[in-house]
$ cat upload_19.cif   # mmCIF, N, CA and C atoms
data_data
loop_
_atom_site.label_atom_id
_atom_site.label_comp_id
_atom_site.auth_asym_id
_atom_site.auth_seq_id
_atom_site.Cartn_x
_atom_site.Cartn_y
_atom_site.Cartn_z
N MET A 1 42.35 19.27 -46.68
CA MET A 1 43.68 18.82 -46.29
C MET A 1 43.66 17.30 -46.32
N SER A 2 44.68 16.73 -46.88
CA SER A 2 44.80 15.27 -46.96
C SER A 2 45.36 14.70 -45.67
N THR A 3 45.16 13.41 -45.50
CA THR A 3 45.66 12.71 -44.33
C THR A 3 46.80 11.79 -44.73
N LEU A 4 47.82 11.72 -43.87
CA LEU A 4 48.97 10.86 -44.10
C LEU A 4 49.18 10.02 -42.85
N SER A 5 49.37 8.74 -43.02
CA SER A 5 49.69 7.86 -41.90
C SER A 5 51.15 7.46 -42.02
N LEU A 6 51.83 7.38 -40.89
CA LEU A 6 53.22 6.95 -40.92
C LEU A 6 53.57 6.19 -39.66
N LYS A 7 54.62 5.44 -39.76
CA LYS A 7 55.09 4.66 -38.61
C LYS A 7 56.31 5.36 -38.02
N LEU A 8 56.32 5.47 -36.70
CA LEU A 8 57.43 6.10 -35.99
C LEU A 8 57.95 5.15 -34.93
N PRO A 9 59.25 5.16 -34.69
CA PRO A 9 59.78 4.41 -33.56
C PRO A 9 59.20 4.99 -32.26
N ASP A 10 59.05 4.16 -31.27
CA ASP A 10 58.47 4.60 -30.00
C ASP A 10 59.21 5.81 -29.42
N SER A 11 60.54 5.80 -29.54
CA SER A 11 61.32 6.90 -28.95
C SER A 11 61.01 8.22 -29.66
N LEU A 12 60.82 8.19 -30.97
CA LEU A 12 60.51 9.42 -31.71
C LEU A 12 59.08 9.88 -31.41
N LEU A 13 58.17 8.94 -31.30
CA LEU A 13 56.79 9.29 -30.95
C LEU A 13 56.72 9.92 -29.57
N LEU A 14 57.51 9.41 -28.64
CA LEU A 14 57.56 9.99 -27.29
C LEU A 14 58.08 11.42 -27.33
N ARG A 15 59.15 11.64 -28.09
CA ARG A 15 59.71 12.99 -28.23
C ARG A 15 58.70 13.94 -28.89
N LEU A 16 57.99 13.44 -29.91
CA LEU A 16 56.97 14.25 -30.58
C LEU A 16 55.86 14.62 -29.61
N ASP A 17 55.42 13.67 -28.83
CA ASP A 17 54.36 13.91 -27.85
C ASP A 17 54.81 14.94 -26.81
N GLN A 18 56.02 14.78 -26.28
CA GLN A 18 56.54 15.72 -25.28
C GLN A 18 56.67 17.13 -25.85
N GLU A 19 57.20 17.22 -27.06
CA GLU A 19 57.41 18.53 -27.68
C GLU A 19 56.08 19.20 -28.01
N SER A 20 55.12 18.43 -28.48
CA SER A 20 53.82 19.01 -28.80
C SER A 20 53.12 19.54 -27.55
N ARG A 21 53.26 18.83 -26.45
CA ARG A 21 52.69 19.33 -25.20
C ARG A 21 53.42 20.58 -24.71
N ALA A 22 54.75 20.57 -24.81
CA ALA A 22 55.54 21.72 -24.35
C ALA A 22 55.21 22.98 -25.17
N ARG A 23 55.00 22.80 -26.46
CA ARG A 23 54.69 23.96 -27.33
C ARG A 23 53.20 24.26 -27.42
N ARG A 24 52.40 23.38 -26.82
CA ARG A 24 50.94 23.51 -26.88
C ARG A 24 50.45 23.54 -28.33
N LEU A 25 50.98 22.61 -29.10
CA LEU A 25 50.58 22.41 -30.50
C LEU A 25 50.14 20.96 -30.66
N SER A 26 49.31 20.72 -31.65
CA SER A 26 48.98 19.33 -31.94
C SER A 26 50.19 18.65 -32.55
N LYS A 27 50.23 17.34 -32.45
CA LYS A 27 51.33 16.60 -33.08
C LYS A 27 51.33 16.84 -34.58
N SER A 28 50.15 16.91 -35.17
CA SER A 28 50.05 17.17 -36.61
C SER A 28 50.66 18.51 -36.98
N ALA A 29 50.37 19.55 -36.20
CA ALA A 29 50.91 20.88 -36.48
C ALA A 29 52.43 20.89 -36.36
N LEU A 30 52.94 20.19 -35.36
CA LEU A 30 54.38 20.12 -35.15
C LEU A 30 55.07 19.38 -36.31
N VAL A 31 54.48 18.28 -36.75
CA VAL A 31 55.04 17.52 -37.87
C VAL A 31 54.98 18.35 -39.15
N ARG A 32 53.86 19.05 -39.39
CA ARG A 32 53.76 19.91 -40.58
C ARG A 32 54.84 20.97 -40.57
N SER A 33 55.06 21.60 -39.42
CA SER A 33 56.08 22.63 -39.28
C SER A 33 57.48 22.07 -39.57
N ALA A 34 57.77 20.90 -39.03
CA ALA A 34 59.08 20.27 -39.26
C ALA A 34 59.26 19.91 -40.72
N LEU A 35 58.20 19.42 -41.37
CA LEU A 35 58.29 19.08 -42.80
C LEU A 35 58.48 20.33 -43.64
N GLU A 36 57.80 21.41 -43.30
CA GLU A 36 57.97 22.68 -44.03
C GLU A 36 59.43 23.13 -43.97
N ARG A 37 60.02 23.07 -42.78
CA ARG A 37 61.43 23.48 -42.64
C ARG A 37 62.34 22.55 -43.44
N GLU A 38 62.12 21.26 -43.34
CA GLU A 38 62.98 20.28 -43.99
C GLU A 38 62.87 20.32 -45.50
N LEU A 39 61.69 20.64 -46.00
CA LEU A 39 61.46 20.58 -47.45
C LEU A 39 61.56 21.93 -48.14
N GLN A 40 62.11 22.93 -47.44
CA GLN A 40 62.35 24.22 -48.08
C GLN A 40 63.35 24.02 -49.21
N PRO A 41 63.26 24.86 -50.24
CA PRO A 41 64.27 24.75 -51.31
C PRO A 41 65.68 24.86 -50.73
N SER A 42 66.57 24.06 -51.26
CA SER A 42 67.94 24.05 -50.72
C SER A 42 68.62 25.38 -50.99
N LYS A 43 69.60 25.68 -50.16
CA LYS A 43 70.35 26.93 -50.32
C LYS A 43 71.08 26.97 -51.64
N SER A 44 71.47 25.82 -52.16
CA SER A 44 72.20 25.80 -53.43
C SER A 44 71.27 26.15 -54.60
N ALA A 45 69.96 26.06 -54.39
CA ALA A 45 69.01 26.37 -55.46
C ALA A 45 68.78 27.87 -55.61
N ARG A 46 69.17 28.64 -54.61
CA ARG A 46 68.95 30.08 -54.71
C ARG A 46 70.18 30.76 -55.31
N VAL A 47 70.00 31.99 -55.72
CA VAL A 47 71.08 32.76 -56.34
C VAL A 47 72.07 33.20 -55.26
N ALA A 48 73.34 33.04 -55.54
CA ALA A 48 74.38 33.45 -54.59
C ALA A 48 74.45 34.98 -54.54
N THR A 49 74.69 35.51 -53.36
CA THR A 49 74.85 36.95 -53.17
C THR A 49 76.30 37.23 -52.77
N CYS A 50 76.64 38.49 -52.71
CA CYS A 50 77.99 38.85 -52.29
C CYS A 50 78.27 38.39 -50.87
N TYR A 51 77.23 38.30 -50.04
CA TYR A 51 77.41 37.84 -48.67
C TYR A 51 77.76 36.35 -48.63
N ASP A 52 77.21 35.58 -49.57
CA ASP A 52 77.54 34.16 -49.65
C ASP A 52 78.98 33.96 -50.11
N LEU A 53 79.45 34.85 -50.97
CA LEU A 53 80.76 34.69 -51.57
C LEU A 53 81.89 35.30 -50.75
N ALA A 54 81.56 36.09 -49.76
CA ALA A 54 82.56 36.85 -49.02
C ALA A 54 83.68 35.99 -48.45
N GLY A 55 83.39 34.84 -47.92
CA GLY A 55 84.41 34.00 -47.31
C GLY A 55 84.87 32.86 -48.19
N SER A 56 84.52 32.89 -49.46
CA SER A 56 84.78 31.73 -50.31
C SER A 56 86.10 31.81 -51.08
N ILE A 57 86.85 32.90 -50.95
CA ILE A 57 88.12 33.03 -51.67
C ILE A 57 89.16 32.14 -51.00
N ARG A 58 89.76 31.27 -51.78
CA ARG A 58 90.69 30.29 -51.22
C ARG A 58 92.14 30.79 -51.21
N LYS A 59 92.48 31.70 -52.12
CA LYS A 59 93.89 32.10 -52.16
C LYS A 59 94.21 33.05 -51.00
N LYS A 60 95.46 33.08 -50.63
CA LYS A 60 95.91 33.90 -49.51
C LYS A 60 95.88 35.37 -49.93
N LEU A 61 95.15 36.18 -49.20
CA LEU A 61 95.04 37.60 -49.49
C LEU A 61 95.94 38.39 -48.55
N PRO A 62 96.41 39.54 -49.00
CA PRO A 62 97.25 40.37 -48.13
C PRO A 62 96.45 40.83 -46.91
N LYS A 63 97.11 40.93 -45.78
CA LYS A 63 96.44 41.35 -44.55
C LYS A 63 95.97 42.80 -44.61
N ASP A 64 96.62 43.63 -45.42
CA ASP A 64 96.25 45.04 -45.48
C ASP A 64 95.36 45.36 -46.70
N LEU A 65 94.70 44.38 -47.24
CA LEU A 65 93.89 44.56 -48.45
C LEU A 65 92.84 45.65 -48.28
N ALA A 66 92.22 45.73 -47.13
CA ALA A 66 91.15 46.70 -46.90
C ALA A 66 91.67 48.11 -46.59
N THR A 67 92.95 48.25 -46.26
CA THR A 67 93.44 49.56 -45.82
C THR A 67 94.53 50.16 -46.69
N ASN A 68 95.20 49.37 -47.48
CA ASN A 68 96.32 49.87 -48.29
C ASN A 68 95.80 50.43 -49.62
N PRO A 69 96.05 51.74 -49.87
CA PRO A 69 95.53 52.37 -51.08
C PRO A 69 96.14 51.81 -52.38
N LYS A 70 97.29 51.15 -52.32
CA LYS A 70 97.91 50.64 -53.54
C LYS A 70 97.02 49.61 -54.25
N TYR A 71 96.16 48.94 -53.48
CA TYR A 71 95.27 47.95 -54.08
C TYR A 71 94.11 48.60 -54.83
N MET A 72 93.93 49.91 -54.65
CA MET A 72 92.86 50.62 -55.33
C MET A 72 93.32 51.29 -56.62
N GLU A 73 94.62 51.24 -56.91
CA GLU A 73 95.15 51.87 -58.12
C GLU A 73 94.46 51.29 -59.36
N GLY A 74 93.92 52.16 -60.18
CA GLY A 74 93.28 51.73 -61.41
C GLY A 74 91.86 51.21 -61.23
N PHE A 75 91.36 51.19 -60.01
CA PHE A 75 90.01 50.69 -59.77
C PHE A 75 88.99 51.64 -60.37
N GLY A 76 88.05 51.10 -61.12
CA GLY A 76 86.97 51.91 -61.70
C GLY A 76 87.34 52.59 -63.01
N GLN A 77 88.50 52.29 -63.55
CA GLN A 77 88.90 52.94 -64.80
C GLN A 77 88.64 52.04 -65.98
#
$ encode --input "upload_19.cif" --output "structure tokens"
Amino acid sequence: MSTLSLKLPDSLLLRLDQESRARRLSKSALVRSALERELQPSKSARVATCYDLAGSIRKKLPKDLATNPKYMEGFGQ
């Protein structure tokens, strides 16, 4: 494992020290964990699913879209 040195403002170092003690983790482990979360591939880099698209329709939809059978006419043909 490589070593990295960095400079932190005193206030951030204090917060890191407090959090590492509260979680009973080394400061290095806590920083590694935070970097892993921060450097995960962005959500825009992954493939969109139907769950991502569900709320993305901008046009006004009828309130009875899910219950009115007239909207199903011709579906699947």
$ select_by_dssp --input "upload_19.cif" --residues "chain A" --states "helix (DSSP H, G or I)" --output "PyMOL selection string"
chain A and resi 10-23+27-38+43-45+50-53+69-72
$ atom_distance --input "upload_19.cif" --atom1 "atom CA of A:Leu39" --atom2 "atom CA of A:Leu25"
20.2 Å
$ resolve_selection --input "upload_19.cif" --expression "the PyMOL selection byres (((chain A and resi 4 and name CA) around 12) and name CA)" --output "JSON, numbers by chain"
{"A": [1, 2, 3, 5, 6, 7, 28, 31, 32]}
$ atom_distance --input "upload_19.cif" --atom1 "atom CA of A:Leu12" --atom2 "atom CA of A:Gln40"
22.1 Å
$ atom_distance --input "upload_19.cif" --atom1 "atom N of A:Pro41" --atom2 "atom CA of A:Lys27"
22.5 Å
$ closest_residue --input "upload_19.cif" --among "A:Pro9, A:Thr49, A:Ala66, A:Leu16" --to "A:Leu30" --atoms "all atoms listed in the file"
A:Leu16
